[in-house]
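Undergrad: Below you'll find the structure I mean.
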Amino acid sequence: MNVLLWGVLPYLVIATLVLGTIWRYRYDKFGWTTRSSQLYESRLLRIGSPLFHFGILVVFIGHVGGLLIPEDWTEAVGISESMYHFNALLFGGIAGFCTLAGIIILVVRRRRTGPVFMATTVNDKVMYVLLVGAITLGLWTTLVAVGAGSEAHNYRETVSPWFRSIWRLNPDVHAMAEAPIQFHVHVLVGMLLFAAWPFTRLVHAFTAPVHYLFRPYIVYRSRDARTPAPTGRPRAGWSPVGTPDRDRSTR
Amino acid sequence: MRVMAQMGMVMNLDKCIGCQTCSVTCKQAWTNRAGTEYVWFNNVETRPGQGYPRRYEDQEQWHGGWELNKRGRLQLKTGGRLKRLLSIFASPVQPELKDYYEPWTYDYATLVEAPLGDDFPVARPKSLITGEDTKVTWSANWDDNLGGTSELGHLDPIVAKIRQESEDKIKFEFEQTFMFYLPRICEHCLNPSCMASCPSGAIYKRSEDGIVLVDQDRCRGWRQCITGCPYKKIYFNHKSGKAEKCTFCYPRIEVGIPTVCAETCVGRLRYLGLFLYDADAVTAAASVPDEKDLYEAQMDLLLDPEDPQVIAAAREQGIPEDWLDAARRSPVYALAKKYRVALPLHPEYRTMPMVWYVPPLSPIVDLLSEQGHDAEDRDVLFGAIEALRIPIEYLAELFSAGDTEVIDGVLRKLAAMRSYMRGINLGREPDESIPASVGLSGETMYEMYRLMAIAKYDERYVIPKAHVEQAHDLEELGCSLDYDEGPGMYGPFGEASGRPVPVAVENFQALQQRQTSDEPAGNEELRGRVNLLNWDGNGTPRGLFPPRREEESR
Ligand code: HEM
Ligand code: SF4
Ligand code: SF4
């Protein structure tokens with residue numbers, strides 16, 4: 001069981017995430033969008049969306065820090081475990097609550113605003129369940145840790161080594177199995193979220209437009225610069241123009 | 001100097017009767033799909049009036065277009081790049097549906113399905129967004145023909161501005177006397193702020209003909225362009241989650257036929273043709289400090305297609321000979337630069353718009369004839385142009401950043417043309433002092449009259465074809481607006497009602513269907529076949545006529 005959950009599932013998730021994203025990018029560029037609903041409703045979105053997004057970005061950075069950077073590295077630069085832990089709980093907690101508050105506003109808005117609810121697909125609903133699930137379970141681990149004070153489980157000795165070991169293709173199933181239940185559930189829901197990611201609107205996060213800072217304002221593009229369709233065949237669309245059957249002189 | 005070609009349009013506002021034919025045909029051609037119910041790539045608004053979307057011209061509210069920052073550099077009115085990225089999660093200023101209008105239909109079915117009874121059945125309005133009953137309170141031309149202007153007229157941003165400047169002296173005295181229609185499409189700007197605000201770089205200007213398009217495969221729905229465009233001529237498809245805009249009917253332009261709006265225009269007031277411009281000079285021109293100089297700066301960008309230096313530079317850039325020839329015959333160049341009667345709409349937005357307008361003289365003519373004056377006499381007309389300051393100021397706010405001298409000059413030319421031609425039509429000796437009084441020769445004035453009054457189809461539309469050697473490249477240049485039905489679906493209340501389908505899945509299927517079907521787009525037998533409905537009278541198309549006798553007897 002443990003091997004299945006912590007040794008096999010991660011690879012399935014990674015495969016789905018990577019292949020799914022490639023597939024979606026190749027075949028459904030037209031569907032790759034935030035599907036903004038600001039046209040319908042602006043007031044609540046303007047509170048909820050920044051709250052959620054800035055929150056989730058901090059949470060993301062926190063995860064990168066906590067999972068990727070080994071404990072002895074931080075200790076080597078003189079940050080003690082308790083110091084690290086305190087900061088993680090403080091900032092992670094604040095960011096987590098912002099994210100949760102933001103997403104609650106967004107979900108309530110989605111449900112309560114007629115047009116926004118109309119534009120909500122089943123796909124969105126599943127995505128929201130997973131997303132809200134992952135966030136609340138994440139906060140739960142934080143709350144448990146706060147409650148336990150200095151007794152708190154140190155995930156940097158269980159979850160983090162396991163996470164890094166996945167990338168070394170030698171999953172440390174044992175380390176993860178040691179972690180308490182709240183971490184197990186959080187990680188599981190998180191994995192489901194990542195597996196579903198490529199098939200939801202969340203793909204918009206992969207194309208975060210950072211290059212906007214560097215590109216010229218005005219974009220010229222030649223009529224000729226056409227990328228061939230992914231299938232290798234020219235796409236059906238307009239019937240070809242300028243071909244002999246349309247040109248009166250050659251008819 | 002980097003010479004580039006730009007397709008441009010001129011509209012002669014004197015001739016617009018506000019019939020909305022252009023709006024309707026454009027809508028049928030481009031935005032009759034779910035998600036774009038509220039979208040009019042071409043709309044015709046009555047001025048004075050609020051326009052569509054409401055009060056879009058008030059850039060203090062909407063932050064569209066460019067402004068000069070403290071260092072005198074051109075910057076988007078919504079701020080620098082970093083600031084804009086940080087506010088991407090929810091646009092600070094974004095028009096909502098209520099600023100356009102909530103599209104609706106009627107539940108016509110009750111008209112025929114209602115059981116027999118004493119009451120007449122009524123078709124109730126249903127929102128196309130929610131499918132619920134709705135109350136119709138606004139539309140794309142709700143204040144058509146000054147409807148409601150006595151109450152809402154002050155909401156026109158330009159009226160508000162002029163009133164403020166003249167310290168509230170003007171009430172709506174001009175509401176009976178002064179009205180015209182303003183048809184609007186995307187301006188296909190030389191310095192488009194929609195493009196500059198797009199975080200993904202999905203909006204691009206075609207280097208061959210300057211048409212501004214949205215790459216539907218690269219648009220990610222950040223919806224920043226909607227705020228960026230000061231004319232609010234780029235729209236959010238709320239179904240596909242992508243921006244869409246006027247395409248200048250590029251598939252038609254490429255084969256040398258005019259845009260749908262121009263082709264169907266009842267007043268025949270639209271002109272299409274090429275401009276040559278200096279692409280390297282655009283930013284500098286858009287950055288001149290004084291707004292009132294923007295019109296001249298924009299004129300300076302337009303290059304003289306007869307100038308040998310320009311021709312040489314254009315050849316160097318690879319502009320084909322037939323395009324250079326078309327540029328020389330361009331009616332839009334003639335109206336904008338040779339005769340200087342066409343003006344850009346709101347040059348003060350600094351986007352260098354490429355759809356130009358001949359301001360209307362008719363409000364003045366109408367007023368004069370109503371009062372029993374001779375509205376074809378030069379001096380009477382000139383006097384009226386002097387006296388009627390409010391219409392002139394209004395037009396100046398629209399077309400010359402408030403510089404009334406420019407409007408005066410154009411209206412005088414139109415007035416002079418009117419009285420000069422009257423003399424000729426009455427068989428009198430042409431009065432050369434009339435054209436001279438507006439700085440034109442009699443010959444030029446006559447040419448101008450020909451172009452503005454009686455030019456035929458191929459003089460009004462001078463559209464060089466895209467080159468056949470490139471033709472295979474043209475189809476689907478990254479603009480996938482052309483889905484047969486778009487991501488559509490049909491419920492009981494028309495498009496967009498009923499249960500939503502996940503857009504991603506739906507698009508994917510639409511795409512696949514298109515790629516695999518061979519009907520009707522790929523049907524070689526039927527393609528190019530002519531039937532009575534689309535026969536233009538030329539030749540003897542196959543299948544339309546019975547075989548000839550001789551052929552039969554042979
Ligand atoms: C850093 C890159 C990101 C950018 C620039 C971005 C931007 C946006 C934008 C513009 C919207 C549309 C809001 C609207 O107008 O309706 C949106 C919606 C959304 N984003 Fe992001 N996003 C990013 C990352 C993420 C991440 C990492 C997540 C989740 C883990 C996420 C989850 C969502 C959700 C759930 C919505 C839908 C909100 C709603 O309308 O209910 N985004 N995002
Ligand atoms: S008018 Fe057209 S080209 Fe100009 S900024 Fe608006 S959408 Fe862009
Ligand atoms: S079709 Fe021509 S005359 Fe009619 S509203 Fe449009 S521009 Fe004006």
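As shown in the structure tokens, the chain order sets the letters A, B, ...; within each chain, residues go from 1, and ligands are also counted from 1 in the order they appear.
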Residues within 7 Å of ligand 3 should be enumerated using only C-alpha atoms and all ligand atoms and returned as number ranges by chain.
TA: B: 15-23, 44, 183, 261, 264-269
Undergrad: Okay, now the selection with N, CA and C atoms, as a JSON list (two decimals), in the first residue's frame?
TA:
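Output contents, as saved in out_29.json:
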[["chain", "number", "residue", "atom", "x", "y", "z"],
["B", 15, "LYS", "N", -22.71, 61.31, -45.38],
["B", 15, "LYS", "CA", -23.60, 60.41, -46.10],
["B", 15, "LYS", "C", -24.21, 59.33, -45.24],
["B", 16, "CYS", "N", -23.80, 59.23, -43.99],
["B", 16, "CYS", "CA", -24.30, 58.13, -43.18],
["B", 16, "CYS", "C", -25.72, 58.41, -42.73],
["B", 17, "ILE", "N", -26.62, 57.47, -43.02],
["B", 17, "ILE", "CA", -28.01, 57.65, -42.63],
["B", 17, "ILE", "C", -28.34, 56.85, -41.38],
["B", 18, "GLY", "N", -27.35, 56.25, -40.78],
["B", 18, "GLY", "CA", -27.57, 55.54, -39.52],
["B", 18, "GLY", "C", -28.47, 54.33, -39.66],
["B", 19, "CYS", "N", -28.41, 53.67, -40.80],
["B", 19, "CYS", "CA", -29.35, 52.57, -41.05],
["B", 19, "CYS", "C", -28.91, 51.28, -40.37],
["B", 20, "GLN", "N", -27.67, 51.21, -39.91],
["B", 20, "GLN", "CA", -27.13, 50.04, -39.20],
["B", 20, "GLN", "C", -26.95, 48.81, -40.09],
["B", 21, "THR", "N", -27.05, 48.98, -41.38],
["B", 21, "THR", "CA", -26.83, 47.83, -42.25],
["B", 21, "THR", "C", -25.44, 47.25, -42.03],
["B", 22, "CYS", "N", -24.46, 48.15, -41.96],
["B", 22, "CYS", "CA", -23.08, 47.69, -41.76],
["B", 22, "CYS", "C", -22.96, 46.89, -40.47],
["B", 23, "SER", "N", -23.62, 47.37, -39.40],
["B", 23, "SER", "CA", -23.52, 46.68, -38.12],
["B", 23, "SER", "C", -24.09, 45.28, -38.24],
["B", 44, "VAL", "N", -22.76, 51.67, -34.98],
["B", 44, "VAL", "CA", -23.02, 53.03, -35.44],
["B", 44, "VAL", "C", -23.71, 53.76, -34.30],
["B", 183, "PRO", "N", -20.18, 55.75, -37.44],
["B", 183, "PRO", "CA", -19.94, 54.31, -37.53],
["B", 183, "PRO", "C", -18.51, 54.03, -37.07],
["B", 261, "CYS", "N", -18.60, 45.53, -44.05],
["B", 261, "CYS", "CA", -19.26, 46.80, -43.71],
["B", 261, "CYS", "C", -19.21, 47.77, -44.89],
["B", 264, "THR", "N", -21.47, 46.56, -47.91],
["B", 264, "THR", "CA", -22.92, 46.64, -47.74],
["B", 264, "THR", "C", -23.39, 48.04, -47.36],
["B", 265, "CYS", "N", -22.47, 48.97, -47.23],
["B", 265, "CYS", "CA", -22.87, 50.31, -46.78],
["B", 265, "CYS", "C", -23.86, 50.93, -47.76],
["B", 266, "VAL", "N", -25.01, 51.30, -47.18],
["B", 266, "VAL", "CA", -26.09, 51.83, -47.99],
["B", 266, "VAL", "C", -25.74, 53.21, -48.54],
["B", 267, "GLY", "N", -25.06, 54.00, -47.73],
["B", 267, "GLY", "CA", -24.70, 55.34, -48.16],
["B", 267, "GLY", "C", -23.47, 55.37, -49.06],
["B", 268, "ARG", "N", -22.86, 54.23, -49.28],
["B", 268, "ARG", "CA", -21.63, 54.13, -50.07],
["B", 268, "ARG", "C", -20.61, 55.16, -49.62],
["B", 269, "LEU", "N", -20.44, 55.22, -48.30],
["B", 269, "LEU", "CA", -19.62, 56.31, -47.79],
["B", 269, "LEU", "C", -18.26, 55.81, -47.34]]
Undergrad: For Gly55 (chain A), work out the shell of residues within 10 Å, counting only C-alpha atoms and skipping chain neighbours fewer than 2 positions away, then give it as a list in words.
TA: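 These residues fall inside the cut-off: Ser49, Pro50, Leu51, Phe52, His53, Leu57, Val58, Val59, Phe60, Gly92, Ile94, Ala95, Gly96, Phe97, Cys98, Thr99, Leu100, Ala101, Gly102 and Ile103 of chain A.
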Undergrad: Produce a file of the selected residues containing N, CA and C atoms, as a CSV table (one decimal), in the first residue's frame.
TA:
chain,number,residue,atom,x,y,z
A,49,SER,N,-9.7,37.6,-6.2
A,49,SER,CA,-8.7,37.1,-7.0
A,49,SER,C,-7.2,37.5,-6.6
A,50,PRO,N,-7.0,38.7,-6.4
A,50,PRO,CA,-5.6,39.1,-5.9
A,50,PRO,C,-5.3,38.4,-4.6
A,51,LEU,N,-6.2,38.4,-3.7
A,51,LEU,CA,-6.0,37.7,-2.4
A,51,LEU,C,-5.5,36.3,-2.6
A,52,PHE,N,-6.3,35.6,-3.4
A,52,PHE,CA,-6.0,34.2,-3.7
A,52,PHE,C,-4.7,34.0,-4.4
A,53,HIS,N,-4.5,34.8,-5.5
A,53,HIS,CA,-3.3,34.6,-6.3
A,53,HIS,C,-2.0,34.9,-5.6
A,57,LEU,N,0.8,32.2,-4.6
A,57,LEU,CA,2.2,32.3,-5.1
A,57,LEU,C,3.2,32.2,-3.9
A,58,VAL,N,2.8,32.9,-2.8
A,58,VAL,CA,3.7,32.8,-1.6
A,58,VAL,C,3.7,31.3,-1.1
A,59,VAL,N,2.5,30.7,-1.1
A,59,VAL,CA,2.5,29.3,-0.7
A,59,VAL,C,3.3,28.4,-1.5
A,60,PHE,N,3.3,28.7,-2.8
A,60,PHE,CA,4.1,28.0,-3.8
A,60,PHE,C,5.6,28.1,-3.4
A,92,GLY,N,3.7,31.0,6.2
A,92,GLY,CA,2.8,30.0,5.5
A,92,GLY,C,1.4,30.1,6.0
A,94,ILE,N,-0.1,32.8,7.3
A,94,ILE,CA,-0.8,34.0,6.8
A,94,ILE,C,-1.1,33.8,5.3
A,95,ALA,N,-0.1,33.4,4.5
A,95,ALA,CA,-0.4,33.2,3.1
A,95,ALA,C,-1.5,32.2,2.9
A,96,GLY,N,-1.5,31.1,3.6
A,96,GLY,CA,-2.5,30.1,3.5
A,96,GLY,C,-3.9,30.7,3.8
A,97,PHE,N,-4.0,31.5,4.9
A,97,PHE,CA,-5.3,32.0,5.2
A,97,PHE,C,-5.8,33.0,4.1
A,98,CYS,N,-4.8,33.8,3.6
A,98,CYS,CA,-5.2,34.7,2.5
A,98,CYS,C,-5.7,33.9,1.3
A,99,THR,N,-5.0,32.9,1.0
A,99,THR,CA,-5.4,32.0,-0.1
A,99,THR,C,-6.8,31.5,0.1
A,100,LEU,N,-7.0,31.0,1.3
A,100,LEU,CA,-8.3,30.4,1.7
A,100,LEU,C,-9.4,31.4,1.6
A,101,ALA,N,-9.1,32.6,2.2
A,101,ALA,CA,-10.1,33.6,2.2
A,101,ALA,C,-10.4,34.0,0.7
A,102,GLY,N,-9.4,34.1,-0.1
A,102,GLY,CA,-9.6,34.5,-1.5
A,102,GLY,C,-10.4,33.5,-2.2
A,103,ILE,N,-10.1,32.2,-2.0
A,103,ILE,CA,-10.8,31.2,-2.8
A,103,ILE,C,-12.2,31.1,-2.3
Undergrad: Around ligand 1, at most 7 Å away and counting only C-alpha atoms and all ligand atoms, which residues are there? Put them as a ChimeraX atom specification, please.
TA: /A:34-38,45,49,53,56-57,106-107,110,128,131,202,204-205,208-209 /B:88-90,221-222
Undergrad: Counting only C-alpha atoms and all ligand atoms, which residues of chain B sit at most 10 Å from some atom of ligand 2, and what is each one's closest atom pair with its distance in Å to one decimal, listed by chain and rising residue number, as a tab-separated table?
TA:
residue	atom	partner	partner_atom_place_in_ligand_line	distance
B:Phe41	CA	ligand 2	7 (S)	9.8
B:Gly64	CA	ligand 2	5 (S)	8.4
B:Gly65	CA	ligand 2	5 (S)	7.0
B:Trp66	CA	ligand 2	5 (S)	9.6
B:Arg184	CA	ligand 2	1 (S)	9.3
B:Ile185	CA	ligand 2	1 (S)	7.4
B:Cys186	CA	ligand 2	2 (Fe)	3.9
B:Glu187	CA	ligand 2	1 (S)	4.0
B:His188	CA	ligand 2	3 (S)	3.8
B:Cys189	CA	ligand 2	4 (Fe)	4.3
B:Leu190	CA	ligand 2	3 (S)	7.4
B:Asn191	CA	ligand 2	4 (Fe)	7.3
B:Pro192	CA	ligand 2	5 (S)	4.2
B:Ser193	CA	ligand 2	5 (S)	4.6
B:Cys194	CA	ligand 2	8 (Fe)	4.3
B:Met195	CA	ligand 2	8 (Fe)	6.2
B:Ala196	CA	ligand 2	5 (S)	8.6
B:Ser197	CA	ligand 2	5 (S)	9.3
B:Ile203	CA	ligand 2	8 (Fe)	8.4
B:Tyr204	CA	ligand 2	3 (S)	9.2
B:Lys205	CA	ligand 2	3 (S)	8.3
B:Gly210	CA	ligand 2	3 (S)	9.5
B:Ile211	CA	ligand 2	3 (S)	8.1
B:Val212	CA	ligand 2	3 (S)	5.6
B:Leu213	CA	ligand 2	3 (S)	8.2
B:Val214	CA	ligand 2	7 (S)	9.4
B:Cys225	CA	ligand 2	7 (S)	7.6
B:Ile226	CA	ligand 2	7 (S)	7.9
B:Thr227	CA	ligand 2	6 (Fe)	9.4
B:Gly228	CA	ligand 2	5 (S)	6.7
B:Cys229	CA	ligand 2	6 (Fe)	4.1
B:Pro230	CA	ligand 2	6 (Fe)	6.1
B:Tyr231	CA	ligand 2	6 (Fe)	5.4
B:Lys232	CA	ligand 2	6 (Fe)	6.1
B:Lys233	CA	ligand 2	7 (S)	4.7
B:Ile234	CA	ligand 2	7 (S)	4.6
B:Tyr235	CA	ligand 2	7 (S)	8.4
B:Ala243	CA	ligand 2	7 (S)	9.8
B:Glu244	CA	ligand 2	7 (S)	8.9
B:Lys245	CA	ligand 2	7 (S)	6.4
B:Cys246	CA	ligand 2	2 (Fe)	7.4
B:Thr247	CA	ligand 2	2 (Fe)	9.2
B:Phe248	CA	ligand 2	2 (Fe)	9.8
B:Leu345	CA	ligand 2	1 (S)	9.8
B:Tyr349	CA	ligand 2	5 (S)	9.1
B:Arg350	CA	ligand 2	5 (S)	9.6
B:Thr351	CA	ligand 2	4 (Fe)	6.2
B:Met352	CA	ligand 2	4 (Fe)	7.8
B:Pro353	CA	ligand 2	4 (Fe)	6.1
B:Met354	CA	ligand 2	4 (Fe)	8.3
B:Val355	CA	ligand 2	1 (S)	8.8
Undergrad: Grab the CA of Ala5 (chain B) to CA of Leu276 (chain B) distance for me, in Å with one decimal place.
TA: 4.6 Å
Undergrad: DSSP on the backbone: what in region 210-335 of chain B comes out helix (DSSP H, G or I), as a PyMOL selection string?
TA: chain B and resi 224-228+250-254+260-264+279-286+291-301+308-316+321-328+331-335
Undergrad: Measuring atom to atom with only C-alpha atoms, identify which of B:Trp40, B:Tyr100, B:Tyr449, B:Trp356 is nearest to chain A.
TA: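 The shortest atom-to-atom distance to chain A comes from B:Tyr100.
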Undergrad: Out of B:Met4, B:Thr130, B:Ser433, B:Asp14, which residue has the shortest atom-to-atom distance to Arg206 (chain B) when counting only C-alpha atoms?
TA: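 Checking each of B:Met4, B:Thr130, B:Ser433, B:Asp14 against Arg206 (chain B), counting only C-alpha atoms, the winner is B:Met4.
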Undergrad: Rank nothing, just name the residue among A:Trp197, A:Phe86, A:Trp162, A:Phe117 nearest to Leu5 (chain A), using only C-alpha atoms.
TA: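 Under the stated criterion, the closest residue is A:Trp162.
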Undergrad: Neighbours of Leu137 (chain A) within 12 Å (only C-alpha atoms; same-chain residues fewer than 3 positions away dropped), as number ranges by chain?
TA: A: 96-97, 100, 129-134, 140-144, 181-190
Undergrad: Generate the output file for the selected residues, C-alpha atoms, as a PDB file, in the first residue's frame.
TA:
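Produced file again.pdb, reproduced below:
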ATOM      1  CA  GLY A  96      -2.499  30.101   3.503  1.00  0.00           C
ATOM      2  CA  PHE A  97      -5.290  32.016   5.168  1.00  0.00           C
ATOM      3  CA  LEU A 100      -8.281  30.355   1.657  1.00  0.00           C
ATOM      4  CA  VAL A 129     -13.019  20.717  -4.959  1.00  0.00           C
ATOM      5  CA  LEU A 130      -9.443  19.568  -5.385  1.00  0.00           C
ATOM      6  CA  LEU A 131      -8.009  23.054  -4.987  1.00  0.00           C
ATOM      7  CA  VAL A 132     -10.022  23.950  -1.909  1.00  0.00           C
ATOM      8  CA  GLY A 133      -9.292  20.470  -0.546  1.00  0.00           C
ATOM      9  CA  ALA A 134      -5.547  20.833  -0.979  1.00  0.00           C
ATOM     10  CA  TRP A 140      -4.864  21.736   8.701  1.00  0.00           C
ATOM     11  CA  THR A 141      -1.281  20.471   8.823  1.00  0.00           C
ATOM     12  CA  THR A 142      -0.247  23.963   9.827  1.00  0.00           C
ATOM     13  CA  LEU A 143      -2.880  24.193  12.543  1.00  0.00           C
ATOM     14  CA  VAL A 144      -1.944  20.815  13.950  1.00  0.00           C
ATOM     15  CA  ILE A 181      -2.024  11.266   8.645  1.00  0.00           C
ATOM     16  CA  GLN A 182      -2.744  14.944   7.892  1.00  0.00           C
ATOM     17  CA  PHE A 183       0.335  15.052   5.675  1.00  0.00           C
ATOM     18  CA  HIS A 184      -0.707  11.890   3.905  1.00  0.00           C
ATOM     19  CA  VAL A 185      -4.107  13.288   3.029  1.00  0.00           C
ATOM     20  CA  HIS A 186      -2.751  16.671   2.024  1.00  0.00           C
ATOM     21  CA  VAL A 187      -0.154  15.148  -0.256  1.00  0.00           C
ATOM     22  CA  LEU A 188      -2.680  12.765  -1.784  1.00  0.00           C
ATOM     23  CA  VAL A 189      -5.159  15.505  -2.626  1.00  0.00           C
ATOM     24  CA  GLY A 190      -2.276  17.609  -3.886  1.00  0.00           C
TER      25      GLY A 190
END
Undergrad: Which one of A:Arg215, A:Arg156, A:Arg201, A:Arg164 sits closest to Lys125 (chain A) if you count only C-alpha atoms?
TA: A:Arg201
Undergrad: Looking at only C-alpha atoms, which of B:Asn538, B:Ser207, B:Asn145, B:Ser330 is the one that sits closest to chain A?
TA: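 Of the candidates, the smallest distance to chain A is held by B:Ser207.
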Undergrad: With distances taken over only C-alpha atoms, which of A:Leu192, A:Ala179, A:Leu39, A:Leu68 is nearest to Leu9 (chain A)?
TA: A:Leu192
Undergrad: Quick one, how far is CA of Arg223 (chain A) from CA of Gly8 (chain B)?
TA: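 These atoms are spaced 17.3 Å apart.
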